[in-house]
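**Q** Next comes start28.cif, mmCIF, C-alpha atoms:
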data_entry
#
loop_
_atom_site.group_PDB
_atom_site.id
_atom_site.type_symbol
_atom_site.label_atom_id
_atom_site.label_comp_id
_atom_site.auth_asym_id
_atom_site.auth_seq_id
_atom_site.Cartn_x
_atom_site.Cartn_y
_atom_site.Cartn_z
ATOM 1 C CA MET T 583 141.992 -115.752 -45.418
ATOM 2 C CA ASN T 584 142.289 -119.276 -43.893
ATOM 3 C CA ARG T 585 141.175 -122.095 -46.175
ATOM 4 C CA ARG T 586 139.804 -125.414 -45.024
ATOM 5 C CA PRO T 587 141.940 -128.661 -45.620
ATOM 6 C CA LEU T 588 141.352 -130.433 -48.942
ATOM 7 C CA SER T 589 138.973 -133.219 -48.000
ATOM 8 C CA TRP T 590 139.247 -134.885 -51.431
ATOM 9 C CA LEU T 591 142.892 -136.054 -51.003
ATOM 10 C CA PRO T 592 141.943 -139.422 -49.389
ATOM 11 C CA GLY T 593 139.768 -140.192 -52.437
ATOM 12 C CA LEU T 594 142.675 -139.715 -54.784
ATOM 13 C CA ARG T 595 144.781 -142.050 -52.678
ATOM 14 C CA THR T 596 142.081 -144.692 -52.961
ATOM 15 C CA VAL T 597 141.978 -144.388 -56.771
ATOM 16 C CA ALA T 598 145.759 -144.631 -56.979
ATOM 17 C CA MET T 599 145.812 -147.776 -54.874
ATOM 18 C CA ALA T 600 143.115 -149.324 -57.065
ATOM 19 C CA LEU T 601 145.159 -148.651 -60.207
ATOM 20 C CA ALA T 602 148.216 -150.172 -58.537
ATOM 21 C CA VAL T 603 146.251 -153.309 -57.702
ATOM 22 C CA LEU T 604 144.935 -153.615 -61.260
ATOM 23 C CA LEU T 605 148.392 -153.195 -62.723
ATOM 24 C CA GLY T 606 149.723 -155.777 -60.333
ATOM 25 C CA GLN T 607 147.048 -158.198 -61.421
ATOM 26 C CA TRP T 608 147.873 -157.551 -65.088
ATOM 27 C CA HIS T 609 151.499 -158.063 -64.498
ATOM 28 C CA GLY T 610 150.770 -161.295 -62.729
ATOM 29 C CA VAL T 611 148.742 -162.617 -65.661
ATOM 30 C CA ALA T 612 151.377 -161.742 -68.182
ATOM 31 C CA GLN T 613 154.078 -163.397 -66.106
ATOM 32 C CA ALA T 614 152.277 -166.613 -65.517
ATOM 33 C CA GLY T 615 151.081 -167.123 -69.075
ATOM 34 C CA LEU T 616 148.032 -168.940 -67.725
ATOM 35 C CA PHE T 617 145.488 -167.397 -70.158
ATOM 36 C CA ASP T 618 145.151 -167.908 -73.832
ATOM 37 C CA ASP T 619 144.861 -165.103 -76.328
ATOM 38 C CA GLU T 620 141.066 -164.944 -76.188
ATOM 39 C CA GLU T 621 140.992 -164.814 -72.506
ATOM 40 C CA ALA T 622 143.847 -162.370 -72.527
ATOM 41 C CA ARG T 623 141.926 -160.061 -74.825
ATOM 42 C CA LYS T 624 138.868 -160.359 -72.651
ATOM 43 C CA ALA T 625 140.954 -159.679 -69.603
ATOM 44 C CA ILE T 626 142.585 -156.761 -71.299
ATOM 45 C CA LEU T 627 139.220 -155.362 -72.406
ATOM 46 C CA GLU T 628 137.818 -155.952 -69.010
ATOM 47 C CA MET T 629 140.857 -154.360 -67.491
ATOM 48 C CA ARG T 630 140.590 -151.440 -69.856
ATOM 49 C CA GLN T 631 136.940 -151.061 -69.049
ATOM 50 C CA ARG T 632 137.693 -151.173 -65.400
ATOM 51 C CA LEU T 633 140.520 -148.700 -65.856
ATOM 52 C CA GLU T 634 138.279 -146.451 -67.926
ATOM 53 C CA ALA T 635 135.565 -146.724 -65.368
ATOM 54 C CA THR T 636 138.061 -146.056 -62.660
ATOM 55 C CA ARG T 637 139.486 -143.143 -64.618
ATOM 56 C CA GLN T 638 136.070 -141.731 -65.285
ATOM 57 C CA SER T 639 135.168 -142.270 -61.671
ATOM 58 C CA ALA T 640 138.371 -140.547 -60.628
ATOM 59 C CA GLU T 641 137.811 -137.687 -63.071
ATOM 60 C CA SER T 642 134.236 -137.431 -61.909
ATOM 61 C CA GLY T 643 135.451 -137.383 -58.309
ATOM 62 C CA LEU T 644 138.092 -134.842 -59.184
ATOM 63 C CA GLN T 645 135.475 -132.724 -60.935
ATOM 64 C CA ARG T 646 133.187 -132.954 -57.963
ATOM 65 C CA LEU T 647 136.061 -132.117 -55.708
ATOM 66 C CA THR T 648 136.999 -129.210 -57.939
ATOM 67 C CA ASP T 649 133.410 -128.026 -58.027
ATOM 68 C CA SER T 650 133.192 -128.430 -54.273
ATOM 69 C CA GLN T 651 136.435 -126.539 -53.827
ATOM 70 C CA LYS T 652 135.207 -123.791 -56.138
ATOM 71 C CA LEU T 653 131.844 -123.649 -54.336
ATOM 72 C CA LEU T 654 133.666 -123.574 -51.043
ATOM 73 C CA LEU T 655 135.890 -120.767 -52.267
ATOM 74 C CA ASP T 656 132.849 -118.923 -53.644
ATOM 75 C CA ASN T 657 131.064 -119.390 -50.319
ATOM 76 C CA GLN T 658 134.135 -118.231 -48.476
ATOM 77 C CA ASN T 659 134.470 -115.252 -50.815
ATOM 78 C CA GLU T 660 130.781 -114.460 -50.414
ATOM 79 C CA ALA T 661 131.080 -114.845 -46.648
ATOM 80 C CA SER T 662 134.158 -112.638 -46.703
ATOM 81 C CA ARG T 663 132.366 -110.092 -48.842
ATOM 82 C CA ARG T 664 129.320 -110.208 -46.611
ATOM 83 C CA SER T 665 131.572 -109.995 -43.593
ATOM 84 C CA ALA T 666 133.348 -107.002 -45.133
ATOM 85 C CA ASP T 667 129.967 -105.440 -45.981
ATOM 86 C CA ASP T 668 128.708 -106.179 -42.491
ATOM 87 C CA SER T 669 131.903 -104.721 -41.033
ATOM 88 C CA ALA T 670 131.580 -101.616 -43.194
ATOM 89 C CA LEU T 671 127.902 -101.314 -42.250
ATOM 90 C CA LEU T 672 128.796 -101.804 -38.625
ATOM 91 C CA ARG T 673 131.512 -99.171 -38.875
ATOM 92 C CA ARG T 674 129.073 -96.783 -40.546
ATOM 93 C CA SER T 675 126.481 -97.524 -37.881
ATOM 94 C CA LEU T 676 129.024 -97.012 -35.139
ATOM 95 C CA LEU T 677 130.169 -93.775 -36.772
ATOM 96 C CA GLU T 678 126.582 -92.560 -37.076
ATOM 97 C CA LEU T 679 125.944 -93.564 -33.490
ATOM 98 C CA GLN T 680 129.101 -91.750 -32.396
ATOM 99 C CA ASN T 681 127.990 -88.679 -34.336
ATOM 100 C CA GLN T 682 124.563 -88.874 -32.708
ATOM 101 C CA ILE T 683 126.195 -89.218 -29.285
ATOM 102 C CA GLU T 684 128.385 -86.199 -29.982
ATOM 103 C CA ALA T 685 125.337 -84.271 -31.201
ATOM 104 C CA VAL T 686 123.455 -85.229 -28.021
ATOM 105 C CA ARG T 687 126.445 -84.197 -25.911
ATOM 106 C CA ALA T 688 126.657 -80.881 -27.750
ATOM 107 C CA GLU T 689 122.926 -80.310 -27.303
ATOM 108 C CA PHE T 690 123.195 -81.275 -23.638
ATOM 109 C CA ALA T 691 126.098 -78.863 -23.189
ATOM 110 C CA ARG T 692 124.115 -76.136 -24.951
ATOM 111 C CA LEU T 693 121.047 -76.803 -22.805
ATOM 112 C CA ASN T 694 123.216 -76.934 -19.688
ATOM 113 C CA GLY T 695 124.772 -73.610 -20.618
ATOM 114 C CA ARG T 696 121.325 -72.180 -21.321
ATOM 115 C CA ASN T 697 120.097 -73.547 -18.009
ATOM 116 C CA GLU T 698 122.993 -71.877 -16.185
ATOM 117 C CA GLN T 699 122.248 -68.634 -18.011
ATOM 118 C CA VAL T 700 118.567 -68.901 -17.069
ATOM 119 C CA LEU T 701 119.548 -69.561 -13.444
ATOM 120 C CA ARG T 702 121.801 -66.492 -13.491
ATOM 121 C CA GLU T 703 119.012 -64.416 -15.028
ATOM 122 C CA VAL T 704 116.538 -65.711 -12.424
ATOM 123 C CA ALA T 705 119.022 -64.963 -9.622
ATOM 124 C CA GLU T 706 119.601 -61.476 -11.047
ATOM 125 C CA MET T 707 115.852 -60.940 -11.349
ATOM 126 C CA GLN T 708 115.340 -62.110 -7.766
ATOM 127 C CA ARG T 709 118.125 -59.768 -6.619
ATOM 128 C CA ARG T 710 116.524 -56.885 -8.490
ATOM 129 C CA GLN T 711 113.114 -57.746 -7.056
ATOM 130 C CA LYS T 712 114.682 -57.884 -3.592
ATOM 131 C CA ASP T 713 116.405 -54.545 -4.185
ATOM 132 C CA LEU T 714 113.152 -53.123 -5.533
ATOM 133 C CA ALA T 715 111.227 -54.452 -2.536
ATOM 134 C CA GLN T 716 113.898 -53.070 -0.211
ATOM 135 C CA GLY T 717 113.794 -49.776 -2.076
ATOM 136 C CA GLN T 718 110.011 -49.673 -1.793
ATOM 137 C CA SER T 719 110.282 -50.545 1.886
ATOM 138 C CA ASP T 720 112.922 -47.859 2.384
ATOM 139 C CA LEU T 721 110.793 -45.422 0.389
ATOM 140 C CA ALA T 722 107.726 -46.280 2.447
ATOM 141 C CA GLN T 723 109.748 -45.959 5.644
ATOM 142 C CA GLY T 724 111.242 -42.712 4.394
ATOM 143 C CA GLN T 725 107.800 -41.423 3.498
ATOM 144 C CA SER T 726 106.531 -42.505 6.895
ATOM 145 C CA GLU T 727 109.449 -40.818 8.630
ATOM 146 C CA LEU T 728 109.008 -37.790 6.409
ATOM 147 C CA GLY T 729 105.315 -37.773 7.238
ATOM 148 C CA ARG T 730 106.101 -37.955 10.941
ATOM 149 C CA ALA T 731 108.730 -35.260 10.540
ATOM 150 C CA VAL T 732 106.264 -33.072 8.640
ATOM 151 C CA ASP T 733 103.611 -33.748 11.238
ATOM 152 C CA GLU T 734 106.079 -32.929 13.972
ATOM 153 C CA ARG T 735 107.168 -29.820 12.101
ATOM 154 C CA VAL T 736 103.566 -28.805 11.559
ATOM 155 C CA ARG T 737 102.837 -29.582 15.178
ATOM 156 C CA GLN T 738 105.793 -27.482 16.194
ATOM 157 C CA LEU T 739 104.655 -24.630 13.986
ATOM 158 C CA GLU T 740 100.946 -24.975 14.554
ATOM 159 C CA PRO T 741 99.574 -22.470 17.077
ATOM 160 C CA VAL T 742 98.402 -23.888 20.398
ATOM 161 C CA ARG T 743 96.041 -22.569 23.036
ATOM 162 C CA VAL T 744 97.507 -21.837 26.456
ATOM 163 C CA THR T 745 96.233 -20.183 29.606
ATOM 164 C CA VAL T 746 98.481 -17.552 31.142
ATOM 165 C CA GLU T 747 97.668 -15.150 33.973
ATOM 166 C CA GLY T 748 94.001 -16.197 33.775
ATOM 167 C CA ARG T 749 93.765 -15.535 30.025
ATOM 168 C CA GLU T 750 93.487 -18.095 27.178
ATOM 169 C CA ILE T 751 95.631 -17.153 24.208
ATOM 170 C CA LEU T 752 96.750 -18.710 20.886
ATOM 171 C CA VAL T 753 100.534 -18.841 20.454
ATOM 172 C CA GLU T 754 103.124 -20.594 18.351
ATOM 173 C CA PRO T 755 105.158 -23.407 19.961
ATOM 174 C CA ALA T 756 108.413 -21.429 19.558
ATOM 175 C CA GLU T 757 106.720 -18.402 21.055
ATOM 176 C CA ARG T 758 105.621 -20.460 24.059
ATOM 177 C CA ARG T 759 109.102 -21.885 24.555
ATOM 178 C CA ALA T 760 110.625 -18.393 24.496
ATOM 179 C CA TYR T 761 108.202 -17.095 27.143
ATOM 180 C CA ASP T 762 108.666 -20.131 29.406
ATOM 181 C CA ALA T 763 112.483 -19.822 29.150
ATOM 182 C CA ALA T 764 112.354 -16.129 30.077
ATOM 183 C CA LEU T 765 110.100 -16.865 33.043
ATOM 184 C CA VAL T 766 112.459 -19.628 34.203
ATOM 185 C CA SER T 767 115.342 -17.126 34.181
ATOM 186 C CA PHE T 768 113.300 -14.655 36.250
ATOM 187 C CA ARG T 769 112.339 -17.257 38.835
ATOM 188 C CA ALA T 770 115.989 -18.294 39.030
ATOM 189 C CA SER T 771 116.777 -14.651 39.978
ATOM 190 C CA ASP T 772 118.669 -14.205 36.700
ATOM 191 C CA PHE T 773 117.083 -10.803 36.224
ATOM 192 C CA VAL T 774 119.483 -9.600 33.527
ATOM 193 C CA GLY T 775 118.947 -12.800 31.545
ATOM 194 C CA ALA T 776 115.215 -12.509 32.080
ATOM 195 C CA GLN T 777 115.189 -8.914 30.787
ATOM 196 C CA ASN T 778 117.036 -9.963 27.609
ATOM 197 C CA ALA T 779 114.726 -12.926 27.111
ATOM 198 C CA PHE T 780 111.516 -10.928 27.507
ATOM 199 C CA LEU T 781 112.808 -8.110 25.291
ATOM 200 C CA SER T 782 113.753 -10.702 22.603
ATOM 201 C CA LEU T 783 110.282 -12.252 22.851
ATOM 202 C CA ILE T 784 108.560 -8.876 22.449
ATOM 203 C CA ALA T 785 110.822 -7.896 19.556
ATOM 204 C CA ARG T 786 110.233 -11.186 17.736
ATOM 205 C CA TYR T 787 106.518 -11.395 18.471
ATOM 206 C CA PRO T 788 105.305 -7.795 18.921
ATOM 207 C CA LYS T 789 101.647 -8.915 18.819
ATOM 208 C CA THR T 790 102.104 -11.957 21.009
ATOM 209 C CA GLY T 791 99.337 -12.903 23.422
ATOM 210 C CA TYR T 792 102.077 -13.052 26.054
ATOM 211 C CA LEU T 793 102.709 -9.288 25.713
ATOM 212 C CA PRO T 794 100.940 -8.075 28.885
ATOM 213 C CA SER T 795 102.508 -10.807 31.025
ATOM 214 C CA ALA T 796 105.899 -10.333 29.345
ATOM 215 C CA LEU T 797 105.797 -6.561 30.060
ATOM 216 C CA PHE T 798 104.796 -7.206 33.673
ATOM 217 C CA TRP T 799 107.674 -9.590 34.338
ATOM 218 C CA LEU T 800 110.068 -7.436 32.358
ATOM 219 C CA GLY T 801 109.184 -4.476 34.592
ATOM 220 C CA ASN T 802 109.725 -6.591 37.705
ATOM 221 C CA ALA T 803 113.145 -7.746 36.395
ATOM 222 C CA GLN T 804 114.086 -4.110 35.764
ATOM 223 C CA TYR T 805 112.890 -3.156 39.233
ATOM 224 C CA ALA T 806 115.132 -5.909 40.656
ATOM 225 C CA THR T 807 118.092 -4.405 38.807
ATOM 226 C CA ARG T 808 117.075 -0.887 39.934
ATOM 227 C CA ASP T 809 116.209 0.265 36.443
ATOM 228 C CA TYR T 810 113.121 1.999 37.825
ATOM 229 C CA LYS T 811 112.367 4.347 34.970
ATOM 230 C CA GLU T 812 112.327 1.547 32.385
ATOM 231 C CA ALA T 813 110.279 -0.548 34.724
ATOM 232 C CA ILE T 814 107.673 2.256 35.070
ATOM 233 C CA THR T 815 107.554 2.624 31.277
ATOM 234 C CA ASN T 816 106.890 -1.076 30.686
ATOM 235 C CA PHE T 817 104.294 -1.293 33.486
ATOM 236 C CA ARG T 818 102.380 1.653 31.977
ATOM 237 C CA ILE T 819 102.505 0.116 28.471
ATOM 238 C CA MET T 820 101.054 -3.038 29.943
ATOM 239 C CA LEU T 821 98.230 -1.142 31.716
ATOM 240 C CA GLN T 822 97.374 0.788 28.568
ATOM 241 C CA GLY T 823 97.138 -2.382 26.489
ATOM 242 C CA ALA T 824 95.467 -4.641 29.041
ATOM 243 C CA PRO T 825 93.860 -2.707 31.910
ATOM 244 C CA ASP T 826 91.728 -5.744 32.791
ATOM 245 C CA HIS T 827 94.728 -8.077 33.064
ATOM 246 C CA LEU T 828 95.010 -10.192 36.200
ATOM 247 C CA ARG T 829 98.354 -8.545 37.028
ATOM 248 C CA ALA T 830 97.173 -4.977 36.317
ATOM 249 C CA PRO T 831 96.701 -4.057 40.043
ATOM 250 C CA GLU T 832 100.165 -5.433 40.832
ATOM 251 C CA ALA T 833 101.606 -3.401 37.942
ATOM 252 C CA MET T 834 100.182 -0.164 39.400
ATOM 253 C CA LEU T 835 101.561 -1.045 42.850
ATOM 254 C CA SER T 836 104.957 -1.725 41.253
ATOM 255 C CA ILE T 837 104.862 1.689 39.558
ATOM 256 C CA ALA T 838 104.276 3.291 42.936
ATOM 257 C CA ASN T 839 107.191 1.332 44.412
ATOM 258 C CA CYS T 840 109.475 2.516 41.575
ATOM 259 C CA GLN T 841 108.354 6.135 42.216
ATOM 260 C CA VAL T 842 109.163 5.742 45.879
ATOM 261 C CA GLU T 843 112.625 4.472 44.979
ATOM 262 C CA LEU T 844 113.025 7.502 42.675
ATOM 263 C CA LYS T 845 112.017 9.835 45.642
ATOM 264 C CA ASP T 846 108.828 10.818 43.756
ATOM 265 C CA ALA T 847 106.481 10.655 46.761
ATOM 266 C CA ARG T 848 103.856 12.817 45.084
ATOM 267 C CA GLY T 849 103.755 10.584 42.029
ATOM 268 C CA ALA T 850 103.651 7.505 44.219
ATOM 269 C CA ARG T 851 100.677 8.853 46.221
ATOM 270 C CA LYS T 852 98.717 9.616 43.054
ATOM 271 C CA THR T 853 99.470 6.140 41.636
ATOM 272 C CA LEU T 854 98.271 4.487 44.845
ATOM 273 C CA GLU T 855 95.101 6.552 44.876
ATOM 274 C CA ASP T 856 94.420 5.569 41.231
ATOM 275 C CA LEU T 857 95.013 1.944 42.222
ATOM 276 C CA ALA T 858 92.415 2.129 44.987
ATOM 277 C CA ARG T 859 89.862 3.653 42.612
ATOM 278 C CA ALA T 860 90.566 1.307 39.651
ATOM 279 C CA TYR T 861 90.885 -1.964 41.498
ATOM 280 C CA PRO T 862 89.329 -1.440 44.939
ATOM 281 C CA GLN T 863 88.776 -5.137 45.677
ATOM 282 C CA SER T 864 92.277 -6.292 44.766
ATOM 283 C CA GLU T 865 94.956 -7.323 47.225
ATOM 284 C CA ALA T 866 97.255 -4.797 45.541
ATOM 285 C CA ALA T 867 94.759 -2.007 46.386
ATOM 286 C CA GLN T 868 94.766 -3.047 50.080
ATOM 287 C CA ALA T 869 98.571 -3.059 50.120
ATOM 288 C CA GLY T 870 98.531 0.315 48.349
ATOM 289 C CA LYS T 871 96.329 1.824 51.052
ATOM 290 C CA GLU T 872 98.804 0.746 53.706
ATOM 291 C CA ARG T 873 101.665 2.184 51.678
ATOM 292 C CA LEU T 874 99.737 5.395 51.071
ATOM 293 C CA ALA T 875 99.211 5.849 54.812
ATOM 294 C CA LYS T 876 102.932 5.681 55.378
ATOM 295 C CA LEU T 877 103.613 8.285 52.668
ATOM 296 C CA ARG T 878 101.370 10.956 54.268
#
Could you write out this structure as structure tokens?
**A**
Amino acid sequence: MNRRPLSWLPGLRTVAMALAVLLGQWHGVAQAGLFDDEEARKAILEMRQRLEATRQSAESGLQRLTDSQKLLLDNQNEASRRSADDSALLRRSLLELQNQIEAVRAEFARLNGRNEQVLREVAEMQRRQKDLAQGQSDLAQGQSELGRAVDERVRQLEPVRVTVEGREILVEPAERRAYDAALVSFRASDFVGAQNAFLSLIARYPKTGYLPSALFWLGNAQYATRDYKEAITNFRIMLQGAPDHLRAPEAMLSIANCQVELKDARGARKTLEDLARAYPQSEAAQAGKERLAKLR
């Protein structure tokens, strides 16, 4: 600790100089011998008094200086103590502040980590919601497509009304497609393919509304391939099942043609006569009359 300079040293110098002056004066008196004994005693007493006063003054000054020095030291010690206390308090305050800062940083880090976790959870929730929405959309689309597919399947399987050879019938879509395909083969002069197609249709749908027409065209395909006996059989089955069919007169004329090809002129004449009686107003009956005239 730095101490202040002793300010009382000049005072001591002053007292010392005063004593030196007094001693010099005393020495001068004794040397000169100018005073008598009474005066000398008075001078000595006066000198002693002055010296005593000076001594007391010096001691008093020294005491004051000592007291001042002590007070100064006490003040310095107190200031040092207070400074040390203030420093310790400041250090404690700084330490507490540092601890608070670290606590705030830790809390901030914890909150930041929690915030990141919340953001991840929100992002995951949004992703799941998006996936769920996409799944619902896909499900709805799938259900819609399934519904359309079911409707299409039902539509494909649901019977439909068609008009064939002047007759309205109820058939399945697959049944209709089979008949149309067989008829396409016949019109393309693929008579063997047509026979197979019509036979497959009849076998698969024995009660089909197409049966009379299918038998008629089957017989014509067989006639084209010179299978006359089978053709006659199928024409007769058709006439037995649907004598009022639009193609019935043509079927009877075709039977007669097959009989002619088989050299059965008698059978052909009878068939043509039956045709004229059963369907007298038909074009087939008129053609049959002309054919009958040639057979006689």
**Q** Give one line per residue of stretch 845-870 of chain T that approaches stretch 802-818 of chain T to at most 12 Å, naming the two atoms of the closest pair and their distance in Å to one decimal, counting only C-alpha atoms; sort by chain then ascending residue number and deliver it as a tab-separated table.
**A**
residue	atom	partner	partner_atom	distance
T:Lys845	CA	T:Tyr810	CA	11.1
T:Asp846	CA	T:Tyr810	CA	11.5
T:Gly849	CA	T:Ile814	CA	11.5
T:Ala850	CA	T:Ile814	CA	11.3
T:Thr853	CA	T:Arg818	CA	11.0
**Q** Pull C-alpha atoms from the residues just selected and write them as a PDB file, in the frame of the given file.
**A**
ATOM      1  CA  LYS T 845     112.017   9.835  45.642  1.00  0.00           C
ATOM      2  CA  ASP T 846     108.828  10.818  43.756  1.00  0.00           C
ATOM      3  CA  GLY T 849     103.755  10.584  42.029  1.00  0.00           C
ATOM      4  CA  ALA T 850     103.651   7.505  44.219  1.00  0.00           C
ATOM      5  CA  THR T 853      99.470   6.140  41.636  1.00  0.00           C
TER       6      THR T 853
END
**Q** Run the PyMOL selection byres ((chain T and resi 833) around 9) against the file shown and list the residues it catches, as a PyMOL selection string.
**A** chain T and resi 798+801-802+814+817-818+820-821+829-832+834-838+866
**Q** Within 12 Å of T:Thr745, counting only C-alpha atoms, which residues qualify if same-chain residues fewer than 3 places away don't, as a list in words?
**A**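 After dropping sequence-adjacent residues, the list is Val742, Gly748, Arg749, Glu750, Ile751, Leu752, Val753, Arg758, Gly791, Tyr792 and Ser795 of chain T.
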**Q** Filtering to C-alpha atoms, could you give me those residues as a PDB file, in the coordinates of the input?
**A**
ATOM      1  CA  VAL T 742      98.402 -23.888  20.398  1.00  0.00           C
ATOM      2  CA  GLY T 748      94.001 -16.197  33.775  1.00  0.00           C
ATOM      3  CA  ARG T 749      93.765 -15.535  30.025  1.00  0.00           C
ATOM      4  CA  GLU T 750      93.487 -18.095  27.178  1.00  0.00           C
ATOM      5  CA  ILE T 751      95.631 -17.153  24.208  1.00  0.00           C
ATOM      6  CA  LEU T 752      96.750 -18.710  20.886  1.00  0.00           C
ATOM      7  CA  VAL T 753     100.534 -18.841  20.454  1.00  0.00           C
ATOM      8  CA  ARG T 758     105.621 -20.460  24.059  1.00  0.00           C
ATOM      9  CA  GLY T 791      99.337 -12.903  23.422  1.00  0.00           C
ATOM     10  CA  TYR T 792     102.077 -13.052  26.054  1.00  0.00           C
ATOM     11  CA  SER T 795     102.508 -10.807  31.025  1.00  0.00           C
TER      12      SER T 795
END
**Q** Taking only C-alpha atoms into account, which of T:Arg769, T:Gln658, T:Ala763, T:Glu747 comes nearest T:Leu828?
**A** T:Glu747
**Q** Using the chain letters and numbers from the file, which residues does the PyMOL selection byres ((chain T and resi 790) around 12) grab, as a list of chain:residue names?
**A** T:Pro741, T:Ile751, T:Leu752, T:Val753, T:Glu754, T:Pro755, T:Ala756, T:Glu757, T:Arg758, T:Ala760, T:Tyr761, T:Phe780, T:Ser782, T:Leu783, T:Ile784, T:Ala785, T:Arg786, T:Tyr787, T:Pro788, T:Lys789, T:Gly791, T:Tyr792, T:Leu793, T:Pro794, T:Ser795, T:Ala796, T:Leu797
